[in-house]
>>> print(open('entry_34.txt').read())   # compact mmCIF, C-alpha atoms
# COMPACT_ATOMS: atom_id res chain seq x y z
CA MET A 1 18.42 12.72 21.06
CA LEU A 2 18.14 14.46 17.70
CA PRO A 3 20.28 11.96 15.70
CA ILE A 4 18.11 9.14 17.05
CA TRP A 5 14.85 10.56 15.74
CA ILE A 6 16.33 11.75 12.46
CA SER A 7 17.75 8.27 11.82
CA PHE A 8 14.34 6.70 12.58
CA SER A 9 12.55 9.09 10.21
CA ILE A 10 14.99 8.12 7.46
CA GLY A 11 14.65 4.43 8.34
CA ILE A 12 10.86 4.55 8.19
CA VAL A 13 10.89 6.43 4.87
CA LEU A 14 13.27 3.81 3.43
CA THR A 15 10.88 1.10 4.62
CA LEU A 16 7.86 2.73 2.99
CA ILE A 17 9.46 3.77 -0.30
CA PRO A 18 7.97 1.87 -3.26
CA LEU A 19 10.26 -0.60 -5.00
CA PRO A 20 9.70 -2.95 -7.93
CA GLU A 21 8.32 -6.33 -6.84
CA VAL A 22 11.62 -8.17 -7.43
CA TRP A 23 13.50 -5.92 -5.02
CA ASP A 24 10.88 -6.10 -2.29
CA GLU A 25 12.32 -9.23 -0.71
CA PHE A 26 15.75 -7.61 -0.45
CA LYS A 27 14.51 -4.58 1.45
CA PRO A 28 16.61 -4.47 4.65
CA GLU A 29 14.89 -4.20 8.02
CA TRP A 30 16.16 -0.65 8.58
CA VAL A 31 14.01 0.19 11.60
CA ALA A 32 14.79 -3.11 13.35
CA LEU A 33 18.52 -2.49 12.86
CA LEU A 34 18.17 1.06 14.23
CA VAL A 35 16.25 -0.13 17.30
CA PHE A 36 19.01 -2.67 18.01
CA TYR A 37 21.80 -0.13 17.45
CA TRP A 38 20.38 2.67 19.60
CA THR A 39 19.46 0.42 22.53
CA LEU A 40 22.91 -1.11 22.38
CA THR A 41 24.80 2.19 22.34
CA GLN A 42 22.49 4.61 24.21
CA PRO A 43 20.32 2.56 26.57
CA ASN A 44 19.65 5.63 28.73
CA SER A 45 18.04 7.75 26.00
CA PHE A 46 16.55 4.97 23.86
CA GLY A 47 15.00 2.00 25.59
CA ILE A 48 12.12 -0.40 25.43
CA VAL A 49 9.43 2.29 25.74
CA SER A 50 10.88 4.30 22.84
CA ALA A 51 11.11 1.11 20.77
CA TRP A 52 7.43 0.47 21.47
CA LEU A 53 6.43 3.97 20.33
CA VAL A 54 8.49 3.60 17.14
CA GLY A 55 6.77 0.26 16.55
CA LEU A 56 3.31 1.82 16.88
CA CYS A 57 4.29 4.52 14.35
CA VAL A 58 5.45 1.86 11.88
CA ASP A 59 2.21 -0.11 12.42
CA VAL A 60 0.10 2.94 11.64
CA LEU A 61 2.21 3.91 8.62
CA THR A 62 2.36 0.46 7.05
CA GLY A 63 -1.25 -0.39 7.82
CA SER A 64 -0.28 -3.62 9.57
CA LEU A 65 -1.93 -5.02 12.69
CA LEU A 66 -1.57 -2.47 15.51
CA GLY A 67 1.05 -3.75 17.94
CA GLN A 68 2.75 -6.15 15.51
CA HIS A 69 5.91 -4.15 14.84
CA ALA A 70 5.76 -2.73 18.39
CA LEU A 71 6.06 -6.24 19.80
CA GLY A 72 8.92 -7.12 17.47
CA TYR A 73 10.88 -3.97 18.32
CA ILE A 74 10.49 -4.26 22.12
CA THR A 75 11.82 -7.82 21.84
CA LEU A 76 14.83 -6.60 19.86
CA SER A 77 15.38 -3.77 22.31
CA TYR A 78 15.16 -6.13 25.28
CA MET A 79 17.67 -8.50 23.68
CA ALA A 80 20.01 -5.55 23.04
CA ILE A 81 19.79 -4.44 26.70
CA SER A 82 20.49 -7.98 27.88
CA ILE A 83 23.71 -8.33 25.88
CA SER A 84 24.91 -4.72 25.89
CA SER A 85 27.64 -5.33 28.50
CA GLN A 86 29.10 -8.36 26.68
CA TYR A 87 28.70 -7.03 23.14
CA PRO A 88 31.85 -4.81 22.90
CA MET A 89 34.01 -7.76 24.01
CA LEU A 90 32.86 -10.02 21.15
CA SER A 91 34.79 -10.55 17.93
CA VAL A 92 33.43 -9.11 14.68
CA LEU A 93 32.09 -12.49 13.58
CA GLN A 94 30.43 -13.10 16.94
CA GLN A 95 28.84 -9.63 16.78
CA LEU A 96 27.40 -10.42 13.36
CA LEU A 97 26.08 -13.74 14.64
CA THR A 98 24.42 -11.95 17.59
CA VAL A 99 22.69 -9.52 15.25
CA PHE A 100 21.59 -12.35 13.00
CA VAL A 101 20.09 -14.34 15.87
CA ALA A 102 18.30 -11.25 17.24
CA LEU A 103 16.84 -10.47 13.79
CA ALA A 104 15.87 -14.11 13.31
CA VAL A 105 13.91 -14.05 16.58
CA TYR A 106 12.27 -10.82 15.43
CA LEU A 107 11.32 -12.38 12.07
CA LEU A 108 10.02 -15.54 13.70
CA LEU A 109 7.73 -13.48 15.96
CA LYS A 110 6.53 -11.55 12.91
CA ILE A 111 5.78 -14.76 10.99
CA TRP A 112 3.90 -16.19 13.97
CA ILE A 113 1.78 -13.08 14.42
CA ILE A 114 0.94 -12.92 10.72
CA GLY A 115 0.19 -16.64 10.69
CA ILE A 116 -2.12 -16.45 13.70
CA SER A 117 -3.95 -13.30 12.57
CA GLY A 118 -4.10 -14.46 8.94
CA THR A 119 -3.09 -11.05 7.53
CA GLY A 120 -0.59 -12.28 4.95
CA THR A 121 0.69 -15.26 3.03
CA ASN A 122 3.85 -16.68 1.48
CA LEU A 123 6.52 -15.61 3.96
CA SER A 124 9.27 -18.02 2.93
CA ASN A 125 11.30 -15.38 1.08
CA GLN A 126 11.72 -13.15 4.15
CA TRP A 127 14.98 -14.79 5.20
CA SER A 128 16.94 -13.02 2.49
CA THR A 129 16.08 -9.65 4.08
CA ILE A 130 17.48 -10.86 7.41
CA ILE A 131 20.76 -12.01 5.84
CA LEU A 132 21.07 -8.73 3.95
CA SER A 133 20.26 -6.71 7.08
CA THR A 134 22.95 -8.58 9.02
CA LEU A 135 25.51 -7.89 6.31
CA LEU A 136 24.65 -4.18 6.49
CA TRP A 137 25.11 -4.07 10.27
CA HIS A 138 28.74 -2.98 10.54
CA TRP A 139 28.42 -0.48 7.76
CA LEU A 140 25.39 1.05 9.48
CA CYS A 141 27.24 1.11 12.84
CA ALA A 142 30.24 2.89 11.33
CA TRP A 143 27.96 5.45 9.77
CA LEU A 144 25.82 6.05 12.87
CA ASP A 145 28.84 6.20 15.21
CA ARG A 146 29.77 9.50 13.58
CA PHE A 147 26.57 11.13 14.87
CA ASN A 148 26.61 9.26 18.15
CA ASN A 149 28.50 11.27 20.78
CA ARG A 150 28.29 8.85 23.64
CA MET B 1 19.84 -8.15 33.89
CA ASP B 2 19.85 -4.41 34.61
CA THR B 3 23.04 -2.98 33.18
CA SER B 4 22.68 0.80 33.48
CA LEU B 5 24.26 2.23 36.63
CA PHE B 6 21.51 4.69 37.56
CA ALA B 7 18.35 2.96 36.42
CA ARG B 8 15.13 4.83 37.18
CA GLY B 9 11.64 3.37 37.35
CA PRO B 10 10.80 -0.27 36.71
CA SER B 11 13.50 -2.66 35.50
CA PRO B 12 13.81 -3.42 31.76
CA THR B 13 12.38 -6.90 32.28
CA LEU B 14 9.24 -5.53 33.93
CA ARG B 15 8.88 -2.85 31.26
CA PHE B 16 9.30 -5.47 28.56
CA ILE B 17 6.63 -7.73 30.05
CA LEU B 18 4.17 -4.84 30.52
CA LEU B 19 4.63 -3.59 26.95
CA LEU B 20 4.46 -7.16 25.64
CA ILE B 21 1.03 -7.54 27.24
CA ALA B 22 0.00 -4.11 25.92
CA SER B 23 1.04 -5.05 22.36
CA LEU B 24 -0.81 -8.36 22.52
CA GLY B 25 -3.91 -6.55 23.80
CA LEU B 26 -3.67 -4.00 20.98
CA MET B 27 -3.34 -6.72 18.36
CA VAL B 28 -6.36 -8.63 19.63
CA ALA B 29 -8.39 -5.41 19.85
CA ASP B 30 -7.31 -4.37 16.33
CA GLN B 31 -8.11 -7.80 14.90
CA ARG B 32 -11.51 -8.27 16.56
CA THR B 33 -12.97 -4.78 16.87
CA THR B 34 -13.06 -1.46 15.05
CA GLU B 35 -12.45 0.57 18.23
CA LEU B 36 -8.91 1.47 17.19
CA GLU B 37 -9.85 2.98 13.82
CA ARG B 38 -10.23 6.42 15.46
CA PHE B 39 -6.70 6.13 16.88
CA ARG B 40 -5.37 5.03 13.49
CA TYR B 41 -7.06 8.01 11.85
CA TRP B 42 -5.46 10.56 14.18
CA ALA B 43 -2.05 8.89 14.37
CA GLY B 44 -1.98 8.44 10.59
CA SER B 45 -2.95 12.07 10.02
CA LEU B 46 -0.27 13.25 12.47
CA LEU B 47 2.36 11.13 10.71
CA HIS B 48 1.40 12.51 7.30
CA PRO B 49 4.67 14.51 6.96
CA ILE B 50 6.57 11.19 6.88
CA GLN B 51 4.28 9.93 4.11
CA SER B 52 5.04 12.99 2.01
CA LEU B 53 8.77 12.47 2.62
CA VAL B 54 8.36 9.07 0.96
CA ASP B 55 7.09 10.82 -2.14
CA LEU B 56 9.98 13.31 -2.16
CA PRO B 57 12.43 11.52 -4.55
CA ALA B 58 9.76 10.95 -7.17
CA ARG B 59 8.50 14.52 -6.90
CA THR B 60 12.02 15.93 -7.13
CA THR B 61 12.88 13.99 -10.28
CA GLU B 62 9.58 15.09 -11.79
CA SER B 63 10.22 18.76 -11.09
CA ILE B 64 13.83 18.50 -12.33
CA SER B 65 12.74 16.95 -15.60
CA ARG B 66 10.04 19.65 -15.89
CA ASN B 67 12.56 22.42 -15.34
CA TRP B 68 15.02 20.96 -17.81
CA ALA B 69 12.50 20.42 -20.56
CA THR B 70 13.26 22.61 -23.54
CA LYS B 71 10.74 24.90 -25.14
CA GLN B 72 10.80 22.75 -28.26
CA THR B 73 9.78 19.55 -26.43
CA LEU B 74 7.07 21.42 -24.52
CA LEU B 75 5.64 22.82 -27.73
CA GLU B 76 5.69 19.38 -29.32
CA GLU B 77 4.02 17.84 -26.28
CA ASN B 78 1.43 20.61 -26.22
CA GLN B 79 0.67 19.96 -29.88
CA ARG B 80 0.33 16.25 -29.29
CA LEU B 81 -1.95 16.76 -26.28
CA LYS B 82 -4.14 19.21 -28.21
CA GLU B 83 -4.60 16.66 -30.97
CA ARG B 84 -5.40 13.97 -28.44
CA ASN B 85 -7.86 16.29 -26.69
CA ARG B 86 -9.62 17.07 -29.97
CA TYR B 87 -9.88 13.36 -30.74
CA LEU B 88 -11.27 12.59 -27.27
CA ALA B 89 -13.74 15.48 -27.42
CA ALA B 90 -15.07 14.14 -30.71
CA GLN B 91 -15.44 10.69 -29.17
CA LEU B 92 -17.17 12.24 -26.14
CA GLN B 93 -19.81 13.83 -28.37
CA GLU B 94 -20.66 10.41 -29.68
CA PHE B 95 -20.61 9.02 -26.14
CA VAL B 96 -23.04 11.66 -24.88
CA ALA B 97 -25.43 10.95 -27.72
CA ILE B 98 -25.24 7.22 -27.03
CA ARG B 99 -25.74 7.78 -23.32
CA ASN B 100 -28.85 9.88 -23.92
CA GLU B 101 -30.19 7.19 -26.19
CA ASN B 102 -29.36 4.52 -23.58
CA ASP B 103 -31.16 6.54 -20.86
CA LYS B 104 -34.23 6.84 -23.08
CA LEU B 105 -34.26 3.13 -23.88
CA ARG B 106 -33.84 2.23 -20.21
CA ASN B 107 -36.67 4.57 -19.32
CA LEU B 108 -38.86 2.84 -21.89
CA LEU B 109 -37.94 -0.52 -20.35
CA GLN B 110 -38.51 1.00 -16.91
CA ALA B 111 -35.02 -0.13 -15.92
CA GLN B 112 -32.72 1.80 -13.63
CA VAL B 113 -30.61 4.49 -15.28
CA ARG B 114 -26.88 3.76 -15.29
CA PRO B 115 -25.08 5.52 -12.41
CA ASP B 116 -22.75 8.46 -12.95
CA ASN B 117 -19.19 8.38 -11.66
CA ARG B 118 -17.88 11.05 -9.34
CA VAL B 119 -14.23 11.33 -10.33
CA SER B 120 -11.28 12.86 -8.53
CA SER B 121 -7.63 12.57 -9.43
CA ALA B 122 -4.94 11.43 -7.01
CA THR B 123 -1.25 10.67 -6.94
CA LEU B 124 0.30 7.53 -5.58
CA LEU B 125 2.47 8.18 -2.50
CA ALA B 126 3.72 4.66 -1.81
CA VAL B 127 3.13 1.07 -2.83
CA SER B 128 3.39 -2.41 -1.31
CA PHE B 129 4.02 -2.39 2.44
CA SER B 130 4.66 -5.30 4.66
CA GLU B 131 4.43 -9.06 4.22
CA ASN B 132 2.80 -9.49 0.87
CA GLN B 133 -0.03 -7.08 1.41
CA GLN B 134 -0.56 -5.17 -1.80
CA ARG B 135 -1.55 -1.74 -0.59
CA VAL B 136 -1.21 1.75 -1.97
CA LEU B 137 -1.20 5.20 -0.40
CA LEU B 138 -2.98 8.07 -2.13
CA ASP B 139 -2.40 11.77 -1.59
CA LYS B 140 -6.12 12.60 -1.25
CA GLY B 141 -7.99 12.02 1.99
CA GLU B 142 -11.23 12.63 3.84
CA LYS B 143 -10.85 16.41 3.42
CA ASN B 144 -10.87 15.91 -0.38
CA GLY B 145 -14.05 13.87 -0.29
CA VAL B 146 -12.51 10.41 -0.46
CA VAL B 147 -14.56 7.77 1.32
CA VAL B 148 -13.96 4.10 2.05
CA GLY B 149 -15.12 1.86 -0.79
CA MET B 150 -14.31 4.18 -3.72
CA ALA B 151 -12.73 2.48 -6.73
CA ILE B 152 -9.17 3.33 -7.80
CA VAL B 153 -8.46 3.21 -11.53
CA ASP B 154 -5.62 4.22 -13.83
CA ASP B 155 -6.03 4.92 -17.53
CA HIS B 156 -5.93 1.19 -18.44
CA GLY B 157 -8.23 -0.37 -15.86
CA LEU B 158 -9.23 -1.03 -12.29
CA MET B 159 -6.44 -0.91 -9.69
CA GLY B 160 -8.23 -1.42 -6.38
CA GLN B 161 -10.40 0.22 -3.78
CA VAL B 162 -10.03 2.66 -0.90
CA THR B 163 -9.92 0.75 2.40
CA ARG B 164 -9.04 3.40 4.97
CA THR B 165 -9.08 7.19 4.96
CA TYR B 166 -7.06 9.74 6.92
CA ALA B 167 -7.40 13.52 6.99
CA LEU B 168 -5.09 14.22 4.05
CA HIS B 169 -4.34 10.80 2.57
CA ALA B 170 -5.98 7.45 2.06
CA GLU B 171 -5.01 3.80 1.95
CA GLY B 172 -6.15 1.49 -0.81
CA MET B 173 -6.05 -2.25 -1.44
CA MET B 174 -4.87 -3.33 -4.89
CA ILE B 175 -6.80 -5.99 -6.79
CA SER B 176 -3.69 -8.17 -6.47
CA ASP B 177 -3.87 -8.25 -2.64
CA PRO B 178 -4.57 -11.80 -1.40
CA SER B 179 -7.68 -10.57 0.43
CA SER B 180 -9.11 -8.66 -2.54
CA ALA B 181 -12.06 -9.99 -4.52
CA VAL B 182 -13.72 -8.18 -7.44
CA PRO B 183 -17.04 -9.29 -8.96
CA VAL B 184 -16.35 -9.55 -12.69
CA GLN B 185 -18.05 -10.48 -15.92
CA LEU B 186 -16.66 -11.93 -19.12
CA VAL B 187 -17.31 -9.48 -21.95
CA ARG B 188 -17.66 -12.17 -24.63
CA ASN B 189 -20.44 -14.21 -23.02
CA GLY B 190 -21.51 -12.42 -19.85
CA LEU B 191 -20.26 -15.19 -17.56
CA ARG B 192 -20.06 -13.89 -13.97
CA ASP B 193 -17.43 -14.79 -11.39
CA VAL B 194 -15.22 -13.29 -8.70
CA LEU B 195 -11.62 -12.32 -9.42
CA ALA B 196 -9.28 -12.73 -6.44
CA GLY B 197 -5.76 -11.44 -5.86
CA THR B 198 -2.91 -13.90 -5.36
CA GLY B 199 -0.26 -11.63 -3.86
CA SER B 200 1.65 -11.33 -7.14
CA ARG B 201 1.18 -8.14 -9.12
CA GLU B 202 0.95 -10.00 -12.43
CA GLN B 203 -1.50 -12.76 -11.56
CA LEU B 204 -5.14 -12.73 -10.54
CA GLN B 205 -7.26 -15.84 -10.21
CA LEU B 206 -10.91 -16.54 -10.93
CA LEU B 207 -12.67 -18.15 -7.97
CA HIS B 208 -14.35 -21.46 -8.77
CA PRO B 209 -14.92 -21.32 -12.55
CA ALA B 210 -16.74 -24.50 -13.63
CA LYS B 211 -14.63 -26.93 -15.67
CA ASN B 212 -16.94 -26.75 -18.65
CA SER B 213 -17.32 -22.96 -18.62
CA ASP B 214 -16.54 -21.15 -21.86
CA ILE B 215 -13.37 -19.20 -21.01
CA ILE B 216 -10.48 -18.86 -23.44
CA GLU B 217 -7.13 -17.10 -23.39
CA GLY B 218 -7.38 -13.39 -24.20
CA ASP B 219 -10.91 -12.92 -22.88
CA LEU B 220 -11.55 -9.52 -21.33
CA LEU B 221 -12.95 -9.24 -17.79
CA VAL B 222 -14.88 -6.15 -16.69
CA THR B 223 -16.43 -5.28 -13.32
CA SER B 224 -19.96 -6.63 -13.10
CA GLY B 225 -21.11 -4.04 -10.57
CA LEU B 226 -22.64 -6.76 -8.42
CA GLY B 227 -22.21 -6.02 -4.74
CA GLY B 228 -22.43 -2.32 -5.48
CA ARG B 229 -18.83 -1.55 -4.56
CA PHE B 230 -17.24 -1.14 -7.98
CA PRO B 231 -18.88 0.78 -10.83
CA PRO B 232 -19.99 -1.66 -13.57
CA ASP B 233 -18.21 -2.27 -16.90
CA PHE B 234 -14.71 -1.10 -15.98
CA PRO B 235 -11.98 -3.19 -17.62
CA VAL B 236 -10.12 -5.23 -14.99
CA ALA B 237 -8.02 -8.02 -16.46
CA ARG B 238 -7.34 -10.28 -19.43
CA ILE B 239 -7.26 -14.07 -19.21
CA VAL B 240 -3.73 -15.43 -19.73
CA SER B 241 -4.13 -19.12 -19.00
CA VAL B 242 -6.87 -21.72 -18.55
CA GLU B 243 -5.99 -25.11 -17.07
CA HIS B 244 -8.13 -28.12 -16.24
CA PRO B 245 -6.38 -29.93 -13.36
CA THR B 246 -7.55 -33.53 -13.05
CA ASP B 247 -7.55 -33.46 -9.25
CA SER B 248 -9.92 -30.51 -8.93
CA MET B 249 -13.59 -29.91 -9.63
CA PHE B 250 -12.84 -26.44 -10.98
CA ALA B 251 -10.76 -25.00 -13.79
CA LYS B 252 -7.72 -22.93 -12.91
CA VAL B 253 -8.02 -19.57 -14.65
CA ILE B 254 -5.27 -16.96 -14.35
CA ALA B 255 -5.73 -13.37 -15.51
CA ALA B 256 -3.33 -10.43 -15.78
CA PRO B 257 -4.46 -7.01 -14.55
CA LEU B 258 -4.83 -4.34 -17.24
CA ALA B 259 -3.86 -1.46 -14.96
CA SER B 260 -0.10 -1.15 -14.56
CA LEU B 261 0.04 -1.82 -10.83
CA GLU B 262 3.80 -1.26 -10.80
CA LYS B 263 4.10 1.97 -12.70
CA SER B 264 1.00 4.16 -12.58
CA ARG B 265 1.45 7.22 -10.40
CA ASN B 266 -1.46 9.33 -11.57
CA LEU B 267 -4.75 7.72 -10.71
CA LEU B 268 -8.44 8.43 -10.55
CA ILE B 269 -10.67 7.70 -7.60
CA LEU B 270 -14.30 7.21 -8.49
CA GLN B 271 -17.59 6.53 -6.88
CA ALA B 272 -20.83 5.60 -8.56
CA VAL B 273 -23.62 8.08 -7.78
CA PRO B 274 -27.19 7.24 -8.79
CA ARG B 275 -28.52 9.50 -11.55
CA THR B 276 -32.13 10.32 -12.09
CA VAL B 277 -33.34 11.26 -15.56
CA GLU B 278 -36.79 12.65 -16.13
CA PRO B 279 -38.56 11.23 -19.18
CA SER B 280 -39.18 14.83 -20.34
CA ASN B 281 -35.44 15.42 -20.29
CA SER B 282 -35.07 13.59 -23.58
CA ALA B 283 -34.33 16.78 -25.53
CA THR B 284 -30.94 17.36 -23.87
CA SER B 285 -28.43 18.60 -26.41
CA PRO B 286 -25.05 16.85 -26.44
CA GLN B 287 -23.37 20.02 -25.16
CA GLU B 288 -25.66 20.20 -22.14
CA GLY B 289 -25.05 16.55 -21.40
CA LEU B 290 -21.33 17.21 -21.49
CA GLU B 291 -21.61 19.96 -18.91
CA ASN B 292 -23.66 17.75 -16.67
CA SER B 293 -21.01 15.09 -16.66
CA ASN B 294 -18.31 17.68 -15.98
CA ALA B 295 -20.20 19.18 -13.07
CA THR B 296 -19.73 16.00 -11.10
CA ASN B 297 -15.96 16.42 -10.92
CA LEU B 298 -14.78 16.63 -7.36
CA ASP B 299 -11.76 18.87 -7.81
>>> encode(input="entry_34.txt", output="structure tokens")
Amino acid sequence: MLPIWISFSIGIVLTLIPLPEVWDEFKPEWVALLVFYWTLTQPNSFGIVSAWLVGLCVDVLTGSLLGQHALGYITLSYMAISISSQYPMLSVLQQLLTVFVALAVYLLLKIWIIGISGTGTNLSNQWSTIILSTLLWHWLCAWLDRFNNR
Amino acid sequence: MDTSLFARGPSPTLRFILLLIASLGLMVADQRTTELERFRYWAGSLLHPIQSLVDLPARTTESISRNWATKQTLLEENQRLKERNRYLAAQLQEFVAIRNENDKLRNLLQAQVRPDNRVSSATLLAVSFSENQQRVLLDKGEKNGVVVGMAIVDDHGLMGQVTRTYALHAEGMMISDPSSAVPVQLVRNGLRDVLAGTGSREQLQLLHPAKNSDIIEGDLLVTSGLGGRFPPDFPVARIVSVEHPTDSMFAKVIAAPLASLEKSRNLLILQAVPRTVEPSNSATSPQEGLENSNATNLD
């Protein structure tokens, strides 16, 4: 359990850390990646309810609409549970594609919520973060697998 | 759908649907009501350790550079600061004299005396946040006397206002946030308008300036104090471009903020407090006036 919560603390700090405006659009979705990873590898200790609680923490910390990140993360977690039995059988490229599609769904939900509630503008440049996050996926997995004694 | 061998409780699908409904309910409640502000306050205060972790790299580099500074550089800096302090103190004497004179003149005109500013210093914990909201986190909160609506300034100009307070930290909205609007006044001719954020940290836009209004590049904008939220006459921005699009009834006026929204870490939070001056008080010496203005410091 401990590695899970330590990794989330680090992920949230990395999300909040101030960066120059130019780099902002290349900030990876650390917490979303972590939610996907932990549900995929340890569905018994990290599931949808934990993802929801993490989402509420992120909502409070970033000052966004309460429930916005929570909804995104439970969707990611649910998608991870649904494919967890097939995932190890996929090729590397197929794994990357799966992660990309899951993150794209997450981003789409986020854009919809922001659009409906009117709490932000100009979201076109968000796709670069998704591509970057996908590229970081295997590196993050390799790194987290060291602390993950399944 | 259920993949774990020994699943307990409701199935993942049911859990997902229940939490989905809960999230939607929370979002609607947060958008429409203020009921959840209490929850935000407590949750935000509990999560404060994470906020201070965010500040850790910046604090560490600061303390390293402080520890590695040589005696020579410290002495030089001390000398420089002393000179600067002397210069500012001399200017302050003049300022106090002018303020007393201004108070007297306003009393004669039976106008309201200019408000005093309660000032407290704060450090920036984090900037930006999600989806184009331009927000900042400050390391002073309700326990330090910060209240919602206080103005945030750095040493060049207005940065924003406090929008939410927690026990030990506070959240502010920068003037560049798309939902920010500051009542401003042109110094050169007193023209009043509202300056809105655009989401970019280098561009602010005047709302609805008339096409024939007298605005030129380089004009200085200060807070007008209308609306009572920001203290009057604080520098805010400088006009960088004026365009007259043919398809619009208004001019398009872009201004650049004077405060360095990207770099400033040491800020001041201030609140205008009404000051009452008795007409008999006219014999205040400059020194006394100085002490009065110092006594309003919060920290």
>>> interface_residues(input="entry_34.txt", of="chain A", to="chain B", cutoff="7 Å", atoms="only C-alpha atoms", output="list in words")
Val13, Leu16, Ile17, Pro18, Pro20, Ile48, Val60, Leu61, Thr62, Leu65, Leu66, Gly67, Gln68, Ala70, Leu71, Ile74, Tyr78, Ser82, Ser85, Gly120, Thr121 and Leu123 of chain A
>>> closest_residue(input="entry_34.txt", among="A:Ile130, A:Met89, A:Leu109, A:Leu96", to="Trp30 (chain A)", atoms="only C-alpha atoms")
A:Ile130
>>> atom_distance(input="entry_34.txt", atom1="CA of Gln161 (chain B)", atom2="CA of Ser64 (chain A)")
17.2 Å
>>> residues_around(input="entry_34.txt", residues="region 253-255 of chain B", least_positions_apart="6", cutoff="8 Å", atoms="all atoms listed in the file", output="number ranges by chain")
B: 203-206, 209, 237-243
>>> write_last_selection(input="entry_34.txt", atoms="C-alpha atoms", output="compact mmCIF listing (two decimals), keeping the file's coordinate frame")
# COMPACT_ATOMS: atom_id res chain seq x y z
CA GLN B 203 -1.50 -12.76 -11.56
CA LEU B 204 -5.14 -12.73 -10.54
CA GLN B 205 -7.26 -15.84 -10.21
CA LEU B 206 -10.91 -16.54 -10.93
CA PRO B 209 -14.92 -21.32 -12.55
CA ALA B 237 -8.02 -8.02 -16.46
CA ARG B 238 -7.34 -10.28 -19.43
CA ILE B 239 -7.26 -14.07 -19.21
CA VAL B 240 -3.73 -15.43 -19.73
CA SER B 241 -4.13 -19.12 -19.00
CA VAL B 242 -6.87 -21.72 -18.55
CA GLU B 243 -5.99 -25.11 -17.07
>>> atom_distance(input="entry_34.txt", atom1="CA of His156 (chain B)", atom2="CA of Ser180 (chain B)")
19.0 Å
>>> closest_residue(input="entry_34.txt", among="A:Leu19, A:Leu132, A:Ile4, A:Met79", to="Val105 (chain A)", atoms="all atoms listed in the file")
A:Met79
>>> build_atoms(input="entry_34.txt", residues="region 40-50 of chain A", atoms="N, CA, C and O atoms", output="mmCIF file, in the frame of the given file")
data_model
loop_
_atom_site.group_PDB
_atom_site.id
_atom_site.type_symbol
_atom_site.label_atom_id
_atom_site.label_comp_id
_atom_site.auth_asym_id
_atom_site.auth_seq_id
_atom_site.Cartn_x
_atom_site.Cartn_y
_atom_site.Cartn_z
ATOM 1 N N LEU A 40 21.593 -0.583 22.037
ATOM 2 C CA LEU A 40 22.910 -1.110 22.380
ATOM 3 C C LEU A 40 23.852 0.015 22.820
ATOM 4 O O LEU A 40 24.599 -0.114 23.787
ATOM 5 N N THR A 41 23.800 1.143 22.093
ATOM 6 C CA THR A 41 24.800 2.190 22.340
ATOM 7 C C THR A 41 24.293 3.265 23.315
ATOM 8 O O THR A 41 25.095 3.866 24.013
ATOM 9 N N GLN A 42 23.000 3.563 23.330
ATOM 10 C CA GLN A 42 22.490 4.610 24.210
ATOM 11 C C GLN A 42 21.285 4.124 25.014
ATOM 12 O O GLN A 42 20.181 4.665 24.872
ATOM 13 N N PRO A 43 21.480 3.125 25.873
ATOM 14 C CA PRO A 43 20.320 2.560 26.570
ATOM 15 C C PRO A 43 19.616 3.564 27.486
ATOM 16 O O PRO A 43 18.457 3.360 27.841
ATOM 17 N N ASN A 44 20.297 4.671 27.836
ATOM 18 C CA ASN A 44 19.650 5.630 28.730
ATOM 19 C C ASN A 44 18.708 6.575 28.006
ATOM 20 O O ASN A 44 17.750 7.069 28.591
ATOM 21 N N SER A 45 18.970 6.859 26.706
ATOM 22 C CA SER A 45 18.040 7.750 26.000
ATOM 23 C C SER A 45 17.109 6.988 25.065
ATOM 24 O O SER A 45 16.079 7.517 24.662
ATOM 25 N N PHE A 46 17.462 5.745 24.704
ATOM 26 C CA PHE A 46 16.550 4.970 23.860
ATOM 27 C C PHE A 46 16.396 3.584 24.466
ATOM 28 O O PHE A 46 17.342 2.794 24.478
ATOM 29 N N GLY A 47 15.208 3.298 24.956
ATOM 30 C CA GLY A 47 15.000 2.000 25.590
ATOM 31 C C GLY A 47 13.778 1.309 25.048
ATOM 32 O O GLY A 47 13.338 1.567 23.929
ATOM 33 N N ILE A 48 13.238 0.420 25.864
ATOM 34 C CA ILE A 48 12.120 -0.400 25.430
ATOM 35 C C ILE A 48 10.879 0.434 25.113
ATOM 36 O O ILE A 48 10.190 0.188 24.120
ATOM 37 N N VAL A 49 10.627 1.470 25.962
ATOM 38 C CA VAL A 49 9.430 2.290 25.740
ATOM 39 C C VAL A 49 9.523 3.036 24.413
ATOM 40 O O VAL A 49 8.558 3.073 23.637
ATOM 41 N N SER A 50 10.705 3.596 24.123
ATOM 42 C CA SER A 50 10.880 4.300 22.840
ATOM 43 C C SER A 50 10.696 3.325 21.681
ATOM 44 O O SER A 50 10.071 3.667 20.671
#
